[in-house]
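Trainee: The structure under discussion is supplied below as structure tokens; questions concerning it will follow.
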Amino acid sequence: MYLKMIVSVFAVILAVASSAMVGAPVDADMNDEGVQNALQFAVVQYNRKSNDAYVRQVSEVISAQRQVVSGLKYIFTVNMARTSCRKGGIETLCTVHKDPAVAQVIKCNIVVWSQPWMNSIKVLENTCQ
């Protein structure tokens with residue numbers, strides 16, 4: 001009886017401690033301005049470095065997390081697709097192609113580190129498949 005009670009108490013303590021780990025990534029609200037700015041920054045950086053003739057944009061956010069570090073680290077998993085806009089063009093309203101063969105959707109893992117008080121934002125990782 002005593003052993004069952006100790007095990008139960010230990011299990012509860014472990015569950016509570018693991019769910020509230022300080023500094024651990026937590027789900028981020030996509031309506032948050034900081035989250036949106038970080039993702040937009042990463043997409044712009046991706047398009048600058050890409051050899052594709054067309055601009056890509058996020059077609060689906062699979063997950064978004066935020067982690068407090070020496071600043072904020074944003075961790076995204078997104079699907080990105082080709083738009084109808086060519087790089088260097090004057091179009092501003094870019095829509096994702098309806099044809100999946102043209103849209104060429106790719107899954108990307110993106111990590112952005114932001115230190116707003118230093119006016120610093122960097123893409124730490126941007127791996128797409």
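Chain identifiers are assigned as A, B, and so on, following the order in which chains appear in the structure tokens; residues are numbered from 1 within each chain, and ligands are numbered from 1 in order of appearance.
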Quick one: residues within 12 Å of segment 45-48 of chain A, only C-alpha atoms counted, chain neighbours fewer than 5 positions away excluded, as a VMD selection string?
Mentor: chain A and resid 38 to 40 53 to 58 80 to 83 85 to 88 108 to 112 121 to 128
Trainee: Could you pull out the residues in chain A that DSSP calls helix (DSSP H, G or I) from the backbone, as a ChimeraX atom specification?
Mentor: /A:2-19,33-49,100-103,116-118
Trainee: Grab the atom CA of Ile106 of chain A to atom CA of Thr77 of chain A distance for me, in Å with one decimal place.
Mentor: 10.6 Å
Trainee: As an NGL selection string, please: the residues near Ile62 of chain A (cut-off 8 Å, only C-alpha atoms, same-chain neighbours under 4 positions excluded).
Mentor: :A and (76-79)
Trainee: Smallest atom-to-atom distance to Asp99 of chain A: which of A:Lys73, A:Ser84, A:Val22, A:Val35, using only C-alpha atoms?
Mentor: A:Ser84
Trainee: Could you jot down the atom CA of Thr92 of chain A to atom CA of Asn51 of chain A separation for me, Å, one decimal place?
Mentor: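 One can read the atom CA of Thr92 of chain A to atom CA of Asn51 of chain A distance as 19.7 Å.
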Trainee: What's the separation between atom CA of Val61 of chain A and atom CA of Trp113 of chain A, in Å to one decimal place?
Mentor: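 Going from atom CA of Val61 of chain A over to atom CA of Trp113 of chain A covers 18.1 Å.
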Trainee: Return as a PyMOL selection string the full set of residues in segment 72-121 of chain A whose backbone-based DSSP assignment is strand (DSSP E or B).
Mentor: chain A and resi 72-86+96+106-115+120-121
Trainee: Store the residues picked out above, limited to C-alpha atoms, as a compact mmCIF listing (two decimals), in the first residue's frame.
Mentor:
# COMPACT_ATOMS: atom_id res chain seq x y z
CA LEU A 72 13.39 34.21 -28.74
CA LYS A 73 13.87 31.15 -30.87
CA TYR A 74 11.03 30.34 -33.24
CA ILE A 75 10.80 26.79 -34.55
CA PHE A 76 8.57 26.17 -37.57
CA THR A 77 7.62 23.19 -39.68
CA VAL A 78 5.84 24.45 -42.80
CA ASN A 79 4.92 23.49 -46.32
CA MET A 80 6.12 25.97 -48.93
CA ALA A 81 4.87 26.15 -52.49
CA ARG A 82 5.70 27.98 -55.69
CA THR A 83 3.64 31.03 -56.50
CA SER A 84 2.77 32.63 -59.81
CA CYS A 85 5.26 35.48 -59.15
CA ARG A 86 8.69 35.49 -60.71
CA VAL A 96 0.17 29.46 -54.85
CA ILE A 106 8.19 21.17 -50.06
CA LYS A 107 8.32 20.64 -46.30
CA CYS A 108 10.71 22.95 -44.43
CA ASN A 109 12.08 23.01 -40.89
CA ILE A 110 12.96 26.58 -39.98
CA VAL A 111 14.59 28.01 -36.87
CA VAL A 112 14.75 31.78 -36.38
CA TRP A 113 16.53 33.55 -33.53
CA SER A 114 15.31 37.01 -32.62
CA GLN A 115 16.71 39.58 -30.20
CA SER A 120 18.80 41.29 -34.53
CA ILE A 121 17.05 38.45 -36.32
Trainee: Counting only C-alpha atoms, which of A:Ser70, A:Gln104, A:Gln65, A:Gln129 gets nearest to Met30 of chain A?
Mentor: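 Closest to Met30 of chain A of all the choices is A:Gln65.
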